[in-house]
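Working notes, beginning with the structure itself.
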Amino acid sequence: MTWLITGGAGYIGAHVVRAMTEAGERTVVYDDLSTGIADRVPDGVPVVTGSTLDAALVARTLAEHGVTGVVHLAAKKQVGESMDLPLHYYRENVEGLRVLLEAVTAARVPSFVFSSSAAVYGTPATAGRGALVTEETPCVPLSPYGETKLAGEWLVRATGRATGLSTASLRYFNVAGAASPELADVGVYNLVPMVFEKLTQNAAPRIFGDDYPTPDGTCVRDYIHVVDLAEAHVAAAHALQASPGRDLTLNIGRGEGVSVREMIDRINAVTGYDRPPTVTPRRPGDPARVVASADRIATELGWKAKHDVQDMITSAWAGWVRLHPEAARA
């Protein structure tokens, strides 16, 4: 098989490329490099620079590289930005997916793995009661970003049913960590790098609200190591290969919740800093608790996360220090 990895030069994409390559699969990266970094791609893996909106280039890439499966990660993914630029997000994330699927089905590519998100759930009705979010939990996204991911799942599923394309939609929870420092996340959009940035600036990390119905009053989230996430993609790809016509929708999480305050305490311990956080008002739309049920993926794919929160923080910090040497404590 030859797998096309769209967004393969990004933070998650580069880990998927590495995991697929280590599993013996041939890969081709397709990335517009708007946020991706070509140097992340392993030597010997072809890189095609372009947008998924470019139908001619997508079709040519599929044909020239003999692509037999696609892992689609290329997308705009900032919740706040999507609130300001909904048309941009729908064009890139939904229309880009439609163009890609049209080329995939025309080329008779048999397998398609779609990068979705826990953002499709919005604020689960059970968020404050300690229940896990299952794949049957109603999806009520709170942002255009989440809407585009849910619409993407619908489009992928409908295409599979109409054409026989084998599909998997993987709903990521909170991704952190790195396989190696050079593959670390360079963006400052998620909790772990946001705390790193504050510590590096000698400033207090921020907690948005400490009056939630959780044990310590701060939001509780499920964190997944990016290496485990990449291996879940490999497992999904192999499942589609082995059983044509499958239609999978799977959470990718650990099934364990960690509060924001606990996460900041752990980051302080790993980094050698001792900066107590400051509490600011809640952000609109933040659910109290969103923790995945990972039962279905264990049953369907035999996959289970191997890395804990300590691994995530330690590996992410090594990548941060590589880019920000001034952050290292003596």
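Ligands are numbered from 1 in the order shown, residues from 1 within each chain, and chains are lettered A, B, ... in the order they appear in the structure tokens.
Inside range 191-330 of chain A, the residues DSSP reads as strand (DSSP E or B) when given the backbone are A:Arg206, A:Ile207, A:Phe208, A:Val220, A:Arg221, A:Asp222, A:Tyr223, A:Ile224, A:His225, A:Asp247, A:Leu248, A:Thr249, A:Leu250, A:Asn251, A:Ile252, A:Gly257, A:Val258, A:Ser259, A:Thr278, A:Val279, A:Thr280, A:Arg289, A:Val290, A:Ala292.
Near Arg322 in chain A, within 8 Å and counting only C-alpha atoms, sit Pro181, Glu182 and Ala318 of chain A; same-chain residues fewer than 4 positions away were not included.
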Across A:His15, A:Arg161, A:Arg275, A:His65, the smallest distance to Thr105 in chain A, with only C-alpha atoms counted, is shown by A:Arg161
Please build the interface table for range 232-309 of chain A against range 69-73 of chain A with a cut-off of 10 Å, listing for each qualifying residue the nearest atom pair and the distance in Å to one decimal; count only C-alpha atoms, order rows by chain and increasing number, and write it as CSV.
residue,atom,partner,partner_atom,distance
A:His233,CA,A:Val71,CA,8.0
A:Val234,CA,A:Val71,CA,9.5
A:Ala236,CA,A:Val71,CA,9.7
A:Ala237,CA,A:Gly69,CA,7.9
A:Leu240,CA,A:Gly69,CA,9.1
A:Gln241,CA,A:Gly69,CA,8.5
Preceding selection exported with N, CA, C and O atoms as a PDB file, in the first residue's frame:
ATOM      1  N   HIS A 233      -3.719   5.710  14.201  1.00  0.00           N
ATOM      2  CA  HIS A 233      -3.916   5.870  12.757  1.00  0.00           C
ATOM      3  C   HIS A 233      -3.432   4.638  11.994  1.00  0.00           C
ATOM      4  O   HIS A 233      -4.070   4.193  11.048  1.00  0.00           O
ATOM      5  N   VAL A 234      -2.298   4.111  12.407  1.00  0.00           N
ATOM      6  CA  VAL A 234      -1.781   2.908  11.759  1.00  0.00           C
ATOM      7  C   VAL A 234      -2.762   1.753  11.948  1.00  0.00           C
ATOM      8  O   VAL A 234      -3.074   1.017  11.006  1.00  0.00           O
ATOM      9  N   ALA A 236      -5.976   1.934  12.484  1.00  0.00           N
ATOM     10  CA  ALA A 236      -7.175   2.179  11.676  1.00  0.00           C
ATOM     11  C   ALA A 236      -6.910   1.880  10.210  1.00  0.00           C
ATOM     12  O   ALA A 236      -7.734   1.263   9.524  1.00  0.00           O
ATOM     13  N   ALA A 237      -5.751   2.316   9.710  1.00  0.00           N
ATOM     14  CA  ALA A 237      -5.402   2.071   8.310  1.00  0.00           C
ATOM     15  C   ALA A 237      -5.337   0.575   8.021  1.00  0.00           C
ATOM     16  O   ALA A 237      -5.859   0.094   7.010  1.00  0.00           O
ATOM     17  N   LEU A 240      -8.877  -0.984   7.895  1.00  0.00           N
ATOM     18  CA  LEU A 240      -9.587  -0.722   6.640  1.00  0.00           C
ATOM     19  C   LEU A 240      -9.025  -1.591   5.512  1.00  0.00           C
ATOM     20  O   LEU A 240      -9.771  -2.072   4.653  1.00  0.00           O
ATOM     21  N   GLN A 241      -7.713  -1.773   5.526  1.00  0.00           N
ATOM     22  CA  GLN A 241      -7.061  -2.636   4.540  1.00  0.00           C
ATOM     23  C   GLN A 241      -7.576  -4.066   4.632  1.00  0.00           C
ATOM     24  O   GLN A 241      -7.858  -4.719   3.630  1.00  0.00           O
TER      25      GLN A 241
END
Report as an NGL selection string: the residues of range 61-117 of chain A with a DSSP assignment of helix (DSSP H, G or I), based on the backbone of this structure. :A and (61-64 or 79-84 or 86-106)
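Among the candidates A:Asn268, A:Glu256, A:Cys219, A:Ala178, the one nearest to Asp311 in chain A when counting only C-alpha atoms is A:Ala178.
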Exercise: Val188 in chain A partners within 8 Å, only C-alpha atoms, chain neighbours under 4 positions left out, as a ChimeraX atom specification: /A:193-194,197
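Shortest atom-to-atom contact with Val220 in chain A among A:Val186, A:Ala162, A:Val258, A:Val192: A:Val258, counting only C-alpha atoms.
Comparing A:Gly253, A:Pro215, A:Gly50, A:Gly272 by their smallest distance to Arg296 in chain A, the closest is A:Gly253 (using only C-alpha atoms).
Taking CA of Tyr273 in chain A and CA of Val175 in chain A as endpoints, the distance between them is 22.6 Å.
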Skipping near chain neighbours, those fewer than 5 positions away, what residues fall within 9 Å of range 53-59 of chain A using only C-alpha atoms, listed as a ChimeraX atom specification? /A:30,48,64,91-92,95-100,102-104,106-107
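Straight-line separation from CA of Asp222 in chain A to CA of Val133 in chain A: 10.3 Å.
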Two-atom distance - CA of Ile313 in chain A, CA of Phe196 in chain A (Å): 9.8 Å
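If you measure from each of A:Pro141, A:Gly209, A:Pro42, A:Gly36 to Met20 in chain A using only C-alpha atoms, the closest one turns out to be A:Pro42.
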Shell around Thr271 in chain A at 12 Å using only C-alpha atoms, local window under 2 positions removed, as a PDB file with C-alpha atoms, in the first residue's frame:
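Final output, saved to out39.pdb:
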ATOM      1  CA  VAL A 192       0.807  22.431  27.642  1.00  0.00           C
ATOM      2  CA  VAL A 195       1.901  26.970  30.208  1.00  0.00           C
ATOM      3  CA  PHE A 196       5.432  26.519  28.856  1.00  0.00           C
ATOM      4  CA  GLU A 197       5.247  29.974  27.277  1.00  0.00           C
ATOM      5  CA  LEU A 199       6.860  29.923  32.529  1.00  0.00           C
ATOM      6  CA  THR A 200       9.482  30.959  29.975  1.00  0.00           C
ATOM      7  CA  ILE A 264      -0.078  22.878  35.700  1.00  0.00           C
ATOM      8  CA  ASP A 265       1.302  21.390  38.930  1.00  0.00           C
ATOM      9  CA  ARG A 266       2.794  18.494  36.961  1.00  0.00           C
ATOM     10  CA  ILE A 267       4.299  20.863  34.392  1.00  0.00           C
ATOM     11  CA  ASN A 268       5.916  22.915  37.175  1.00  0.00           C
ATOM     12  CA  ALA A 269       7.417  19.732  38.620  1.00  0.00           C
ATOM     13  CA  TYR A 273       9.650  26.002  37.822  1.00  0.00           C
ATOM     14  CA  ASP A 274       7.485  26.883  40.797  1.00  0.00           C
ATOM     15  CA  ARG A 275       4.931  29.301  39.426  1.00  0.00           C
ATOM     16  CA  GLN A 310       4.268  12.428  32.615  1.00  0.00           C
ATOM     17  CA  ILE A 313       4.933  16.711  29.538  1.00  0.00           C
ATOM     18  CA  THR A 314       8.542  15.473  29.596  1.00  0.00           C
ATOM     19  CA  SER A 315       8.755  14.938  25.835  1.00  0.00           C
ATOM     20  CA  ALA A 316       6.927  18.179  25.041  1.00  0.00           C
ATOM     21  CA  TRP A 317       9.276  20.101  27.348  1.00  0.00           C
ATOM     22  CA  ALA A 318      12.347  18.664  25.590  1.00  0.00           C
ATOM     23  CA  TRP A 320      10.155  23.372  23.827  1.00  0.00           C
ATOM     24  CA  VAL A 321      13.661  23.773  25.277  1.00  0.00           C
ATOM     25  CA  ALA A 327      13.557  28.239  29.202  1.00  0.00           C
ATOM     26  CA  ALA A 328      15.822  25.541  30.661  1.00  0.00           C
ATOM     27  CA  ARG A 329      16.336  25.695  34.408  1.00  0.00           C
ATOM     28  CA  ALA A 330      19.875  25.371  35.714  1.00  0.00           C
TER      29      ALA A 330
END
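Every protein or nucleic acid residue with an atom no more than 9 Å from Pro138 in chain A, counting only C-alpha atoms and leaving out same-chain residues fewer than 6 positions away, appears here: Val120, Tyr121, Gly122, Pro124 and Ala125 of chain A.
You can rank A:Asp31, A:Glu231, A:Asp247, A:Asp211 by their closest distance to Arg18 in chain A using only C-alpha atoms, and at the top of that list sits A:Glu231.
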